[in-house]
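**Student:** Quick one: the structure is below, and I'll ask about it shortly.
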Amino acid sequence: MARDEPSVRRDGKTTRVTLWRSALPSGRPVIPAAVEACLGGLPPARDPLTAAEAYRAHGSELWAVDDISGAVGRWERALEVLGEERGKVVPHVLDELEVVLRLNAAQGYLRLERFEPARGHALVVMQLRPLCAKARFRLAEACGGLGDWRAAEEALADLDAQVGDAAAAAKGRQNLRRRRLAARDADRAMAARMLGAGLPKGRPALMRSWCSC
């Protein structure tokens, strides 16, 4: 009966073991004790993206059932996992997943009307992918939510001129106009309430004249 002869080769941190299939009835190779001892001190192989991908997928499932806060939490956890892997693997291995996670998180924060973290995630994506249309669109949405009209307009202008997505830029401008009108109406309503609180009784006409501008 032929014996299995192991071939062991070390390449940096990787140990590769080749076993010739024996003539055993089972057809399964036998790992000699010497090879097991050689491999015993090595940690199991691990894909650094596995955990982050799991959190991303769970976040997508929560998003599908409209659990926006839960989804954002999962995506933020996935980003933490990627951060722990920085410096351990080649950066581009992580960049693609980071872009997806940050775009998702930005959209989630927009839905929650938490515009500051939405803007932060969009800005990071623009550093990783300068021509990413979604990043510029969501940056404009976040800046609009924060009342930073100029920054929102600049993001939309870049979306049109640099990225070449005129349709998305037009949609963003429509959203921005609606948001500015809503902010103006809210300011006027607040001014009316403040003015009304300070007027003597019996002066509604004056209050109306102030609010009609």
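Order determines the names: the first chain of the structure tokens is A, the second B, and so forth; residues in each chain are numbered 1 upward, and ligands are numbered 1 upward as they are shown.
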For stretch 98-173 of chain A versus stretch 45-66 of chain A, which residues have an atom no more than 10 Å away, and what is each residue's nearest atom pair and distance in Å rounded to one decimal, using only C-alpha atoms, chain-then-number order, as JSON lines?

**Tutor:**
{"residue": "A:Glu98", "atom": "CA", "partner": "A:Ala52", "partner_atom": "CA", "distance": 9.3}
{"residue": "A:Val100", "atom": "CA", "partner": "A:Arg56", "partner_atom": "CA", "distance": 8.9}
{"residue": "A:Leu101", "atom": "CA", "partner": "A:Arg56", "partner_atom": "CA", "distance": 7.0}
{"residue": "A:Asn104", "atom": "CA", "partner": "A:Ser60", "partner_atom": "CA", "distance": 8.8}
{"residue": "A:Ala105", "atom": "CA", "partner": "A:Gly59", "partner_atom": "CA", "distance": 9.6}
{"residue": "A:Gly108", "atom": "CA", "partner": "A:Trp63", "partner_atom": "CA", "distance": 8.5}

**Student:** Considering only C-alpha atoms, tabulate each residue of stretch 112-135 of chain A that lies at most 10 Å from stretch 160-164 of chain A along with its nearest interatomic pair and the corresponding distance in Å to one decimal; arrange the rows by chain and ascending residue number and present them as CSV.

**Tutor:**
residue,atom,partner,partner_atom,distance
A:Pro130,CA,A:Val163,CA,8.7
A:Leu131,CA,A:Val163,CA,5.5
A:Cys132,CA,A:Val163,CA,7.3
A:Ala133,CA,A:Val163,CA,6.3

**Student:** Using only C-alpha atoms, which of A:Gly83, A:Gly145, A:Pro91, A:Gly196 sits nearest A:Leu110?

**Tutor:**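 Selected residue with least distance to A:Leu110: A:Gly145.
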
**Student:** Quote the spacing between atom CA of A:Leu181 and atom CA of A:Gly120 in Å to one decimal place.

**Tutor:**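 Separating atom CA of A:Leu181 from atom CA of A:Gly120 is a distance of 24.9 Å.
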
**Student:** Find, counting only C-alpha atoms, the residue in A:Leu94, A:Ala106, A:Leu123, A:Ala157 that gets nearest to A:Glu76.

**Tutor:**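 Result for the nearest residue to A:Glu76: A:Ala106.
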
**Student:** Out of A:Tyr109, A:Lys134, A:Leu146, A:Arg193, which residue has the shortest atom-to-atom distance to A:Leu176 when counting only C-alpha atoms?

**Tutor:**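 Closest residue, counting only C-alpha atoms: A:Leu146.
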
**Student:** Tell me, in Å to one decimal, how far atom CA of A:Leu79 is from atom CA of A:Leu97.

**Tutor:**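 Separation of atom CA of A:Leu79 and atom CA of A:Leu97: 8.9 Å.
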
**Student:** So that I can see what lies close to A:Ala152, please list as a list of chain:residue names the residues with an atom at most 9 Å from it, counting only C-alpha atoms and leaving out residues fewer than 5 positions away in the same chain.

**Tutor:**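 Final neighbour list, sorted by chain and number: A:Phe137, A:Leu139, A:Ala140, A:Glu141, A:Ala142, A:Cys143, A:Gly144, A:Gly147, A:Ala157, A:Gly172, A:Arg173, A:Leu176.
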
**Student:** Report, in Å with one decimal, the straight-line distance from atom CA of A:Trp149 to atom CA of A:Ala170.

**Tutor:**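 We find that atom CA of A:Trp149 and atom CA of A:Ala170 lie 15.3 Å from each other.
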
**Student:** Please report, as a PDB file with C-alpha atoms, in the first residue's frame, each residue of stretch 57-192 of chain A to which DSSP assigns helix (DSSP H, G or I) when run on this structure's backbone.

**Tutor:**
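Result file follows (part.pdb):
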ATOM      1  CA  ALA A  57     -26.194  42.171   4.852  1.00  0.00           C
ATOM      2  CA  HIS A  58     -28.013  42.369   8.182  1.00  0.00           C
ATOM      3  CA  GLY A  59     -28.325  46.125   7.763  1.00  0.00           C
ATOM      4  CA  SER A  60     -29.868  45.628   4.337  1.00  0.00           C
ATOM      5  CA  GLU A  61     -32.399  43.205   5.792  1.00  0.00           C
ATOM      6  CA  LEU A  62     -33.371  45.738   8.472  1.00  0.00           C
ATOM      7  CA  TRP A  63     -33.650  48.468   5.838  1.00  0.00           C
ATOM      8  CA  ALA A  64     -36.029  46.282   3.835  1.00  0.00           C
ATOM      9  CA  ILE A  68     -33.794  52.549   9.499  1.00  0.00           C
ATOM     10  CA  SER A  69     -32.089  53.048  12.854  1.00  0.00           C
ATOM     11  CA  GLY A  70     -31.246  49.356  13.106  1.00  0.00           C
ATOM     12  CA  ALA A  71     -29.856  49.301   9.578  1.00  0.00           C
ATOM     13  CA  VAL A  72     -27.647  52.321  10.187  1.00  0.00           C
ATOM     14  CA  GLY A  73     -26.366  50.724  13.379  1.00  0.00           C
ATOM     15  CA  ARG A  74     -25.360  47.568  11.522  1.00  0.00           C
ATOM     16  CA  TRP A  75     -23.585  49.543   8.812  1.00  0.00           C
ATOM     17  CA  GLU A  76     -21.738  51.611  11.381  1.00  0.00           C
ATOM     18  CA  ARG A  77     -20.616  48.397  13.082  1.00  0.00           C
ATOM     19  CA  ALA A  78     -19.379  47.070   9.751  1.00  0.00           C
ATOM     20  CA  LEU A  79     -17.322  50.245   9.325  1.00  0.00           C
ATOM     21  CA  GLU A  80     -15.814  49.716  12.762  1.00  0.00           C
ATOM     22  CA  VAL A  81     -14.764  46.211  11.723  1.00  0.00           C
ATOM     23  CA  LEU A  82     -13.145  47.580   8.566  1.00  0.00           C
ATOM     24  CA  GLY A  83     -11.329  50.173  10.642  1.00  0.00           C
ATOM     25  CA  GLU A  84      -9.849  47.409  12.769  1.00  0.00           C
ATOM     26  CA  GLU A  85      -8.450  45.799   9.612  1.00  0.00           C
ATOM     27  CA  PRO A  91      -6.269  49.171   1.466  1.00  0.00           C
ATOM     28  CA  HIS A  92      -8.052  48.614  -1.841  1.00  0.00           C
ATOM     29  CA  VAL A  93      -9.383  45.318  -0.494  1.00  0.00           C
ATOM     30  CA  LEU A  94     -11.416  47.319   2.023  1.00  0.00           C
ATOM     31  CA  ASP A  95     -12.185  50.448   0.010  1.00  0.00           C
ATOM     32  CA  GLU A  96     -14.967  49.031  -2.151  1.00  0.00           C
ATOM     33  CA  LEU A  97     -16.931  47.749   0.821  1.00  0.00           C
ATOM     34  CA  GLU A  98     -16.306  50.964   2.743  1.00  0.00           C
ATOM     35  CA  VAL A  99     -17.769  53.000  -0.110  1.00  0.00           C
ATOM     36  CA  VAL A 100     -20.930  50.867  -0.113  1.00  0.00           C
ATOM     37  CA  LEU A 101     -21.287  51.054   3.662  1.00  0.00           C
ATOM     38  CA  ARG A 102     -20.791  54.810   3.836  1.00  0.00           C
ATOM     39  CA  LEU A 103     -23.243  55.467   1.020  1.00  0.00           C
ATOM     40  CA  ASN A 104     -25.800  53.294   2.790  1.00  0.00           C
ATOM     41  CA  ALA A 105     -25.167  55.006   6.112  1.00  0.00           C
ATOM     42  CA  ALA A 106     -25.462  58.449   4.524  1.00  0.00           C
ATOM     43  CA  GLN A 107     -28.822  57.520   3.017  1.00  0.00           C
ATOM     44  CA  GLY A 108     -29.976  56.136   6.347  1.00  0.00           C
ATOM     45  CA  TYR A 109     -29.007  59.278   8.233  1.00  0.00           C
ATOM     46  CA  LEU A 110     -30.822  61.371   5.631  1.00  0.00           C
ATOM     47  CA  ARG A 111     -33.973  59.334   6.268  1.00  0.00           C
ATOM     48  CA  PHE A 115     -27.748  65.543   8.442  1.00  0.00           C
ATOM     49  CA  GLU A 116     -24.333  66.020  10.046  1.00  0.00           C
ATOM     50  CA  PRO A 117     -23.286  62.335  10.017  1.00  0.00           C
ATOM     51  CA  ALA A 118     -24.849  61.989   6.557  1.00  0.00           C
ATOM     52  CA  ARG A 119     -22.592  64.777   5.318  1.00  0.00           C
ATOM     53  CA  GLY A 120     -19.561  63.199   6.991  1.00  0.00           C
ATOM     54  CA  HIS A 121     -20.060  59.836   5.303  1.00  0.00           C
ATOM     55  CA  ALA A 122     -20.630  61.454   1.902  1.00  0.00           C
ATOM     56  CA  LEU A 123     -17.420  63.474   2.221  1.00  0.00           C
ATOM     57  CA  VAL A 124     -15.377  60.364   3.008  1.00  0.00           C
ATOM     58  CA  VAL A 125     -16.789  58.585  -0.049  1.00  0.00           C
ATOM     59  CA  MET A 126     -15.834  61.567  -2.201  1.00  0.00           C
ATOM     60  CA  GLN A 127     -12.257  61.190  -0.977  1.00  0.00           C
ATOM     61  CA  LEU A 128     -12.254  57.514  -1.937  1.00  0.00           C
ATOM     62  CA  ALA A 133     -22.536  60.545  -8.184  1.00  0.00           C
ATOM     63  CA  LYS A 134     -24.373  59.141  -5.173  1.00  0.00           C
ATOM     64  CA  ALA A 135     -21.873  60.694  -2.788  1.00  0.00           C
ATOM     65  CA  ARG A 136     -22.283  64.172  -4.287  1.00  0.00           C
ATOM     66  CA  PHE A 137     -26.056  63.868  -4.393  1.00  0.00           C
ATOM     67  CA  ARG A 138     -26.255  62.796  -0.753  1.00  0.00           C
ATOM     68  CA  LEU A 139     -23.788  65.494   0.228  1.00  0.00           C
ATOM     69  CA  ALA A 140     -26.107  68.059  -1.357  1.00  0.00           C
ATOM     70  CA  GLU A 141     -29.092  66.581   0.483  1.00  0.00           C
ATOM     71  CA  ALA A 142     -27.248  66.684   3.798  1.00  0.00           C
ATOM     72  CA  CYS A 143     -26.042  70.253   3.288  1.00  0.00           C
ATOM     73  CA  GLY A 144     -29.572  71.282   2.368  1.00  0.00           C
ATOM     74  CA  GLY A 145     -30.874  69.703   5.545  1.00  0.00           C
ATOM     75  CA  TRP A 149     -27.465  76.284   0.782  1.00  0.00           C
ATOM     76  CA  ARG A 150     -24.218  77.330  -0.888  1.00  0.00           C
ATOM     77  CA  ALA A 151     -22.485  74.013  -0.154  1.00  0.00           C
ATOM     78  CA  ALA A 152     -25.546  72.137  -1.424  1.00  0.00           C
ATOM     79  CA  GLU A 153     -25.571  74.145  -4.650  1.00  0.00           C
ATOM     80  CA  GLU A 154     -21.847  73.573  -5.144  1.00  0.00           C
ATOM     81  CA  ALA A 155     -22.245  69.819  -4.703  1.00  0.00           C
ATOM     82  CA  LEU A 156     -25.030  69.770  -7.291  1.00  0.00           C
ATOM     83  CA  ALA A 157     -22.997  71.904  -9.690  1.00  0.00           C
ATOM     84  CA  ASP A 158     -20.108  69.436  -9.401  1.00  0.00           C
ATOM     85  CA  LEU A 159     -22.525  66.541  -9.866  1.00  0.00           C
ATOM     86  CA  ASP A 160     -23.593  68.087 -13.156  1.00  0.00           C
ATOM     87  CA  ALA A 161     -20.282  69.428 -14.458  1.00  0.00           C
ATOM     88  CA  ALA A 166     -27.448  66.093 -15.159  1.00  0.00           C
ATOM     89  CA  ALA A 167     -30.614  64.188 -14.230  1.00  0.00           C
ATOM     90  CA  ALA A 168     -29.498  63.612 -10.641  1.00  0.00           C
ATOM     91  CA  ALA A 169     -28.390  67.238 -10.384  1.00  0.00           C
ATOM     92  CA  ALA A 170     -31.803  68.436 -11.598  1.00  0.00           C
ATOM     93  CA  LYS A 171     -33.554  66.226  -9.052  1.00  0.00           C
ATOM     94  CA  GLY A 172     -31.262  67.546  -6.343  1.00  0.00           C
ATOM     95  CA  ARG A 173     -32.074  71.141  -7.264  1.00  0.00           C
ATOM     96  CA  GLN A 174     -35.795  70.406  -7.046  1.00  0.00           C
ATOM     97  CA  ASN A 175     -35.302  68.907  -3.600  1.00  0.00           C
ATOM     98  CA  LEU A 176     -33.200  71.868  -2.557  1.00  0.00           C
ATOM     99  CA  ARG A 177     -35.842  74.368  -3.701  1.00  0.00           C
ATOM    100  CA  ARG A 178     -38.519  72.528  -1.724  1.00  0.00           C
ATOM    101  CA  ARG A 179     -36.321  72.476   1.340  1.00  0.00           C
ATOM    102  CA  ARG A 180     -35.557  76.188   1.080  1.00  0.00           C
ATOM    103  CA  LEU A 181     -39.239  77.032   0.715  1.00  0.00           C
ATOM    104  CA  ALA A 182     -40.062  74.871   3.718  1.00  0.00           C
ATOM    105  CA  ALA A 183     -37.333  76.577   5.758  1.00  0.00           C
ATOM    106  CA  ARG A 184     -38.624  80.021   4.723  1.00  0.00           C
ATOM    107  CA  ASP A 185     -42.189  79.077   5.683  1.00  0.00           C
ATOM    108  CA  ALA A 186     -40.985  77.753   9.037  1.00  0.00           C
ATOM    109  CA  ASP A 187     -39.101  80.996   9.697  1.00  0.00           C
ATOM    110  CA  ARG A 188     -42.151  83.052   8.849  1.00  0.00           C
ATOM    111  CA  ALA A 189     -44.375  80.935  11.067  1.00  0.00           C
ATOM    112  CA  MET A 190     -41.956  81.327  13.955  1.00  0.00           C
ATOM    113  CA  ALA A 191     -41.770  85.092  13.403  1.00  0.00           C
ATOM    114  CA  ALA A 192     -45.574  85.258  13.387  1.00  0.00           C
TER     115      ALA A 192
END
